$ cat upload.txt   # compact mmCIF, C-alpha atoms and all ligand atoms
# COMPACT_ATOMS: atom_id res chain seq x y z
CA MET A 1 -18.93 -19.90 -33.12
CA SER A 2 -21.18 -18.47 -30.41
CA SER A 3 -19.88 -15.40 -28.70
CA GLY A 4 -22.30 -14.19 -25.99
CA LYS A 5 -19.73 -13.07 -23.43
CA MET A 6 -20.47 -14.44 -19.96
CA PRO A 7 -21.73 -11.65 -17.74
CA LEU A 8 -19.77 -11.11 -14.55
CA ILE A 9 -21.21 -11.73 -11.11
CA MET A 10 -20.42 -9.11 -8.49
CA GLY A 11 -20.98 -10.57 -5.02
CA VAL A 12 -22.15 -8.17 -2.31
CA LEU A 13 -20.04 -8.06 0.85
CA ASN A 14 -21.57 -5.67 3.37
CA VAL A 15 -18.88 -5.09 5.98
CA THR A 16 -21.23 -3.57 8.53
CA PRO A 17 -22.12 -4.58 12.11
CA ASP A 18 -25.62 -5.66 11.03
CA SER A 19 -24.02 -8.20 8.66
CA PHE A 20 -20.80 -9.39 10.37
CA SER A 21 -20.91 -8.33 14.00
CA ASP A 22 -18.31 -9.39 16.56
CA GLY A 23 -21.21 -9.57 18.99
CA GLY A 24 -21.30 -5.84 19.59
CA GLN A 25 -21.10 -2.78 17.37
CA TYR A 26 -17.94 -3.82 15.54
CA VAL A 27 -17.32 -5.92 12.44
CA ASP A 28 -15.51 -9.26 12.69
CA PRO A 29 -13.22 -9.19 9.61
CA GLU A 30 -12.79 -12.98 9.69
CA LEU A 31 -16.54 -13.52 9.24
CA ALA A 32 -16.60 -11.12 6.29
CA ILE A 33 -13.54 -12.77 4.70
CA ALA A 34 -15.12 -16.23 5.05
CA SER A 35 -18.30 -14.96 3.37
CA ALA A 36 -16.31 -13.49 0.48
CA LYS A 37 -14.40 -16.75 -0.04
CA ARG A 38 -17.69 -18.63 -0.13
CA MET A 39 -18.98 -16.29 -2.84
CA VAL A 40 -15.81 -16.88 -4.86
CA ILE A 41 -16.31 -20.65 -4.62
CA GLN A 42 -19.91 -20.14 -5.74
CA GLY A 43 -18.79 -18.28 -8.86
CA ALA A 44 -18.37 -14.60 -8.03
CA ASP A 45 -16.12 -12.77 -10.49
CA ILE A 46 -15.69 -9.67 -8.33
CA ILE A 47 -16.38 -8.89 -4.68
CA ASP A 48 -18.01 -5.55 -3.82
CA VAL A 49 -16.89 -4.47 -0.36
CA GLY A 50 -19.03 -1.80 1.33
CA GLY A 51 -18.72 -0.35 4.81
CA GLU A 52 -21.62 2.07 4.69
CA SER A 53 -25.20 0.86 4.54
CA THR A 54 -26.65 2.50 1.42
CA ARG A 55 -30.18 1.34 2.13
CA PRO A 56 -32.92 3.96 2.27
CA GLY A 57 -33.04 5.53 5.73
CA ALA A 58 -29.65 4.23 6.89
CA LYS A 59 -27.55 6.57 9.00
CA PRO A 60 -24.31 7.93 7.57
CA VAL A 61 -21.00 6.39 8.64
CA SER A 62 -17.91 8.43 9.50
CA GLU A 63 -14.90 8.26 7.21
CA ARG A 64 -12.81 6.66 9.95
CA ASP A 65 -15.41 3.98 10.75
CA GLU A 66 -15.79 3.16 7.06
CA ILE A 67 -12.01 2.85 6.63
CA ASN A 68 -11.65 0.73 9.77
CA ARG A 69 -14.31 -1.64 8.46
CA VAL A 70 -13.26 -2.10 4.84
CA VAL A 71 -9.46 -1.76 4.72
CA PRO A 72 -8.55 -4.83 6.83
CA VAL A 73 -11.02 -6.95 4.85
CA ILE A 74 -9.73 -5.76 1.46
CA LYS A 75 -6.10 -6.26 2.58
CA ALA A 76 -6.78 -9.84 3.65
CA LEU A 77 -8.92 -10.67 0.62
CA SER A 78 -6.47 -9.30 -1.92
CA THR A 79 -3.85 -11.81 -0.76
CA GLN A 80 -6.30 -14.72 -0.41
CA ILE A 81 -8.48 -14.52 -3.54
CA SER A 82 -7.54 -13.90 -7.16
CA MET A 83 -10.82 -12.17 -8.03
CA PRO A 84 -10.84 -8.39 -8.30
CA ILE A 85 -12.30 -6.38 -5.41
CA SER A 86 -14.44 -3.28 -5.77
CA ILE A 87 -14.89 -0.66 -3.09
CA ASP A 88 -18.46 0.56 -2.57
CA THR A 89 -17.92 4.11 -1.36
CA SER A 90 -18.50 7.76 -2.23
CA LYS A 91 -15.66 9.11 -0.07
CA PRO A 92 -12.32 9.96 -1.75
CA ALA A 93 -10.26 9.03 1.34
CA VAL A 94 -11.90 5.60 1.46
CA MET A 95 -11.29 5.11 -2.29
CA LYS A 96 -7.59 5.86 -1.81
CA LEU A 97 -6.97 3.51 1.12
CA ALA A 98 -9.15 0.77 -0.37
CA VAL A 99 -7.22 0.79 -3.65
CA LYS A 100 -3.93 0.86 -1.72
CA ALA A 101 -5.19 -2.20 0.17
CA GLY A 102 -5.92 -4.04 -3.09
CA ALA A 103 -9.23 -2.88 -4.58
CA SER A 104 -9.20 -2.44 -8.35
CA MET A 105 -12.59 -0.84 -8.91
CA ILE A 106 -14.61 1.98 -7.37
CA ASN A 107 -18.36 1.43 -7.09
CA ASP A 108 -19.81 4.84 -6.30
CA VAL A 109 -23.59 5.18 -5.85
CA ASN A 110 -22.91 8.94 -5.87
CA ALA A 111 -21.23 8.78 -9.31
CA LEU A 112 -18.09 10.70 -8.18
CA GLN A 113 -20.09 13.82 -7.29
CA ALA A 114 -18.45 14.27 -3.85
CA LYS A 115 -15.76 16.95 -3.57
CA GLY A 116 -12.45 15.50 -4.78
CA ALA A 117 -13.94 12.18 -5.93
CA LEU A 118 -13.37 12.68 -9.67
CA GLU A 119 -9.74 13.67 -9.14
CA MET A 120 -9.19 10.74 -6.77
CA ALA A 121 -10.66 8.22 -9.22
CA TYR A 122 -8.43 9.66 -11.95
CA SER A 123 -5.27 9.42 -9.85
CA LEU A 124 -6.06 5.86 -8.75
CA ALA A 125 -6.53 4.79 -12.41
CA VAL A 126 -9.00 2.00 -11.60
CA ASP A 127 -12.36 1.10 -13.15
CA VAL A 128 -15.24 3.17 -11.83
CA CYS A 129 -18.96 2.46 -11.73
CA LEU A 130 -21.14 5.56 -12.02
CA MET A 131 -24.58 4.85 -10.53
CA HIS A 132 -27.62 7.05 -10.94
CA LYS A 133 -29.71 8.05 -7.98
CA GLN A 134 -32.24 10.78 -7.41
CA GLY A 135 -32.12 12.58 -4.07
CA MET A 136 -30.44 11.63 -0.82
CA PRO A 137 -30.82 8.12 0.69
CA GLU A 138 -32.85 9.48 3.66
CA THR A 139 -35.57 10.99 1.47
CA MET A 140 -35.13 9.60 -2.04
CA GLN A 141 -38.19 7.33 -1.91
CA THR A 142 -40.55 10.11 -0.78
CA LYS A 143 -41.79 11.27 -4.17
CA PRO A 144 -39.49 10.34 -7.05
CA LEU A 145 -40.39 12.31 -10.17
CA TYR A 146 -39.02 12.10 -13.70
CA GLN A 147 -39.95 13.58 -17.03
CA ASP A 148 -38.96 10.27 -18.63
CA VAL A 149 -37.00 8.05 -16.29
CA VAL A 150 -34.72 6.41 -18.90
CA THR A 151 -34.10 9.66 -20.79
CA ASP A 152 -33.36 11.50 -17.54
CA ILE A 153 -30.87 8.79 -16.47
CA LYS A 154 -29.20 8.93 -19.90
CA HIS A 155 -28.74 12.69 -19.52
CA PHE A 156 -27.22 12.12 -16.09
CA PHE A 157 -24.83 9.52 -17.58
CA GLU A 158 -23.80 11.94 -20.34
CA GLN A 159 -22.97 14.61 -17.75
CA ARG A 160 -21.04 12.27 -15.47
CA ILE A 161 -19.11 10.66 -18.36
CA ASP A 162 -18.17 14.18 -19.52
CA ALA A 163 -17.03 15.10 -16.00
CA CYS A 164 -14.87 11.97 -15.87
CA VAL A 165 -13.32 12.56 -19.30
CA GLN A 166 -12.64 16.22 -18.33
CA VAL A 167 -10.38 15.12 -15.44
CA GLY A 168 -8.67 12.50 -17.61
CA ILE A 169 -10.47 9.26 -16.76
CA PRO A 170 -10.46 7.13 -19.93
CA ARG A 171 -13.93 6.21 -21.19
CA HIS A 172 -13.10 2.51 -21.16
CA LYS A 173 -12.66 2.56 -17.38
CA ILE A 174 -16.27 3.69 -16.87
CA ILE A 175 -19.16 1.35 -16.04
CA LEU A 176 -22.75 2.66 -15.99
CA ASP A 177 -25.54 1.61 -13.63
CA PRO A 178 -29.10 3.07 -13.59
CA GLY A 179 -29.40 2.44 -9.84
CA PHE A 180 -32.52 0.34 -9.31
CA GLY A 181 -34.37 1.50 -6.20
CA PHE A 182 -32.44 4.73 -5.69
CA GLY A 183 -35.14 7.41 -5.91
CA LYS A 184 -37.43 5.36 -8.14
CA THR A 185 -40.98 4.05 -7.81
CA LEU A 186 -41.82 0.46 -8.75
CA GLU A 187 -43.09 1.73 -12.11
CA HIS A 188 -39.83 3.61 -12.71
CA ASN A 189 -37.79 0.50 -11.85
CA LEU A 190 -39.84 -1.67 -14.19
CA GLU A 191 -39.50 0.82 -17.02
CA ILE A 192 -35.71 0.93 -16.49
CA LEU A 193 -35.57 -2.86 -16.62
CA ARG A 194 -37.82 -3.06 -19.68
CA ARG A 195 -35.77 -0.41 -21.54
CA PHE A 196 -32.35 -1.41 -20.13
CA GLY A 197 -31.02 -1.97 -23.66
CA GLU A 198 -31.17 1.76 -24.37
CA PHE A 199 -28.15 2.33 -22.10
CA LYS A 200 -26.03 0.37 -24.57
CA GLN A 201 -25.87 3.52 -26.73
CA PHE A 202 -22.91 4.72 -24.63
CA LYS A 203 -20.88 1.67 -25.69
CA LEU A 204 -19.71 1.24 -22.09
CA ARG A 205 -20.07 -1.72 -19.73
CA LEU A 206 -23.40 -1.84 -17.87
CA LEU A 207 -24.05 -3.03 -14.33
CA ALA A 208 -27.45 -3.89 -12.83
CA GLY A 209 -28.27 -4.30 -9.16
CA LEU A 210 -31.73 -5.63 -8.38
CA SER A 211 -30.79 -8.23 -5.80
CA ARG A 212 -33.30 -8.50 -2.92
CA LYS A 213 -34.50 -4.94 -3.51
CA SER A 214 -37.95 -3.70 -2.60
CA MET A 215 -39.08 -3.73 -6.25
CA ILE A 216 -38.74 -7.54 -6.15
CA GLY A 217 -40.59 -7.65 -2.84
CA ALA A 218 -43.35 -5.36 -4.14
CA ILE A 219 -43.99 -7.43 -7.29
CA LEU A 220 -44.24 -10.54 -5.09
CA ASP A 221 -46.90 -9.03 -2.77
CA ASP A 222 -44.48 -7.58 -0.21
CA ARG A 223 -42.28 -10.65 0.04
CA GLN A 224 -39.72 -10.50 2.87
CA VAL A 225 -36.08 -9.81 1.99
CA GLU A 226 -34.85 -13.38 2.62
CA SER A 227 -37.50 -14.82 0.26
CA ARG A 228 -36.64 -12.64 -2.72
CA VAL A 229 -33.93 -14.93 -4.13
CA VAL A 230 -35.87 -16.42 -7.05
CA GLY A 231 -37.36 -13.05 -8.00
CA SER A 232 -33.91 -11.48 -7.84
CA VAL A 233 -32.43 -14.16 -10.09
CA ALA A 234 -35.22 -13.57 -12.62
CA GLY A 235 -34.47 -9.84 -12.54
CA ALA A 236 -30.74 -10.44 -13.04
CA ILE A 237 -31.43 -12.68 -16.04
CA ILE A 238 -33.69 -10.09 -17.66
CA ALA A 239 -31.05 -7.38 -17.15
CA VAL A 240 -28.41 -9.60 -18.76
CA GLN A 241 -30.69 -10.41 -21.69
CA ARG A 242 -31.17 -6.64 -22.15
CA GLY A 243 -27.42 -6.00 -22.15
CA ALA A 244 -26.07 -5.91 -18.58
CA ASN A 245 -22.41 -7.02 -18.50
CA MET A 246 -22.32 -7.36 -14.73
CA VAL A 247 -24.93 -8.09 -12.06
CA ARG A 248 -24.53 -7.14 -8.38
CA VAL A 249 -26.05 -9.94 -6.31
CA HIS A 250 -26.29 -11.36 -2.81
CA ASP A 251 -27.11 -14.91 -3.98
CA VAL A 252 -24.12 -15.87 -6.11
CA LEU A 253 -24.72 -19.62 -6.51
CA GLU A 254 -28.34 -19.22 -7.61
CA THR A 255 -27.50 -16.41 -10.04
CA LYS A 256 -24.57 -18.34 -11.49
CA ASP A 257 -26.76 -21.43 -12.11
CA ALA A 258 -29.36 -19.35 -13.95
CA LEU A 259 -26.74 -17.53 -16.04
CA ARG A 260 -25.15 -20.87 -17.02
CA ILE A 261 -28.50 -22.11 -18.33
CA VAL A 262 -28.96 -18.91 -20.34
CA GLN A 263 -25.43 -19.25 -21.67
CA ALA A 264 -25.90 -22.91 -22.61
CA ALA A 265 -29.17 -22.15 -24.41
CA SER A 266 -27.48 -19.34 -26.33
CA GLY A 267 -25.16 -21.95 -27.85
CA ASP A 268 -21.99 -21.24 -25.92
CA THR A 269 -19.72 -24.04 -24.82
CA ILE A 270 -20.67 -25.57 -21.48
CA GLY A 271 -18.16 -24.95 -18.72
C1 LIG B 301 -32.27 -5.68 0.54
C2 LIG B 301 -30.93 -5.79 0.30
C3 LIG B 301 -32.93 -4.54 0.17
C4 LIG B 301 -30.25 -4.75 -0.30
C5 LIG B 301 -32.25 -3.50 -0.42
C6 LIG B 301 -30.90 -3.61 -0.66
C7 LIG B 301 -26.45 -0.86 -5.83
C8 LIG B 301 -25.15 -0.57 -5.43
C9 LIG B 301 -26.40 -0.82 -3.68
C10 LIG B 301 -26.76 -0.92 -7.22
C11 LIG B 301 -24.43 -0.43 -7.60
C12 LIG B 301 -29.07 -2.48 -1.82
C13 LIG B 301 -23.98 -0.26 -3.25
C14 LIG B 301 -28.63 -1.09 -2.07
N1 LIG B 301 -27.22 -1.02 -4.72
N2 LIG B 301 -24.14 -0.35 -6.31
N3 LIG B 301 -25.13 -0.53 -4.08
N4 LIG B 301 -25.70 -0.69 -8.07
N5 LIG B 301 -23.48 -0.21 -8.51
N6 LIG B 301 -30.26 -2.52 -1.22
O1 LIG B 301 -27.88 -1.14 -7.66
O2 LIG B 301 -28.40 -3.43 -2.10
S1 LIG B 301 -26.86 -0.87 -2.02
$ encode --input "upload.txt" --output "structure tokens" --more "lines below"
Ligand code: 8Y4
Amino acid sequence: MSSGKMPLIMGVLNVTPDSFSDGGQYVDPELAIASAKRMVIQGADIIDVGGESTRPGAKPVSERDEINRVVPVIKALSTQISMPISIDTSKPAVMKLAVKAGASMINDVNALQAKGALEMAYSLAVDVCLMHKQGMPETMQTKPLYQDVVTDIKHFFEQRIDACVQVGIPRHKIILDPGFGFGKTLEHNLEILRRFGEFKQFKLRLLAGLSRKSMIGAILDDRQVESRVVGSVAGAIIAVQRGANMVRVHDVLETKDALRIVQAASGDTIG
């Protein structure tokens, strides 16, 4: 009679030359596909395919380059795995071709604020994750300021939910994400994590992405990215305990193990 619903694991698939290079400046789709299949075997419930590096300071990618990277991978994956695929993009044209290729969710770090994005998400009729960020990726970490970080993010969510509903997107298709690391200091990120439960007031699904981020590195005395796995798993667990329904992670196996222990201890059936 336990009913804590298992949170979903979203595995990160960065389809960029710095992740899956063919040896030069291009992406090898076969390498990306193999990595996605591995994440599925490890327990990923959804694969988040992104062709534009969203890291602070990364250079923008042209629409055509982004499409050429993600569409072949999504096409192949949608016939080879049964898990849903999300498209990490802010560009309406990429959303359209990605969904046509088999994606069933839009993960937009720009929360559908680009011209035509709201209308595109409506016409595609897929789930959409609205992420909060402050500023532009190039400069967002310069001097993030908030009156009250959680209250400010909640106001942003209210406005973006309203904008979605205005164009006809049903509320139940919306997922909210406070955007750890996107225009936030370490103190802001920790306050968001501590008060994550407040976002449940919208009665929508919540997503949390802390995996390997600089907040984890900073807490662990500037730990390098590849040694942030344990810290990231701890962060994912805390987010889930505070109400996250989905966690976006690089380390699927490790996160899945930890979530299974939490689930077992909560009294749910093992399996
Ligand atoms: C090392 C590895 C250091 C990765 C930093 C990073 C989110 C997201 C990103 C998120 C949602 C990232 C696309 C940033 N973060 N989408 N995307 N939520 N919904 N940085 O938190 O992974 S990219």
$ residues_near_ligand --input "upload.txt" --ligand "ligand LIG 301 (chain B)" --cutoff "6 Å" --atoms "only C-alpha atoms and all ligand atoms" --output "list in words"
Thr54, Arg55, Asp88, Asn107, Val109, Met131, Asp177, Gly179, Phe180, Ala208, Gly209, Leu210, Arg212, Lys213, Ser214 and Val225 of chain A
$ residues_near_point --input "upload.txt" --point "(-6.2, -2.3, -11.4)" --cutoff "8 Å" --atoms "only C-alpha atoms" --output "PyMOL selection string"
chain A and resi 103-105+125-127
$ closest_residue --input "upload.txt" --among "A:Cys129, A:Ile238, A:Ile270, A:Val94" --to "Val61 (chain A)" --atoms "all atoms listed in the file"
A:Val94
$ atom_distance --input "upload.txt" --atom1 "CA of Phe199 (chain A)" --atom2 "CA of Pro92 (chain A)"
26.9 Å
$ axis_aligned_box --input "upload.txt" --around "region 105-120 of chain A" --padding-each-side "6 Å" --output "lines of an AutoDock Vina configuration file"
center_x = -16.4
center_y = 8.1
center_z = -6.6
size_x = 26.4
size_y = 29.8
size_z = 18.1
$ atom_distance --input "upload.txt" --atom1 "CA of Leu259 (chain A)" --atom2 "CA of Asn110 (chain A)"
28.6 Å
$ atom_distance --input "upload.txt" --atom1 "CA of Ala98 (chain A)" --atom2 "CA of Val70 (chain A)"
7.2 Å
$ closest_residue --input "upload.txt" --among "A:Leu118, A:Ala218, A:Val27, A:Val49" --to "Cys164 (chain A)" --atoms "all atoms listed in the file"
A:Leu118
$ residues_around --input "upload.txt" --residues "Asn68 (chain A)" --least-positions-apart "4" --cutoff "12 Å" --atoms "all atoms listed in the file" --output "ChimeraX atom specification"
/A:15-17,26-29,50-52,61-64,72-75,93-94,97-98,101
$ closest_residue --input "upload.txt" --among "A:Glu158, A:Asp222, A:Glu119, A:Asp45" --to "Met246 (chain A)" --atoms "all atoms listed in the file"
A:Asp45
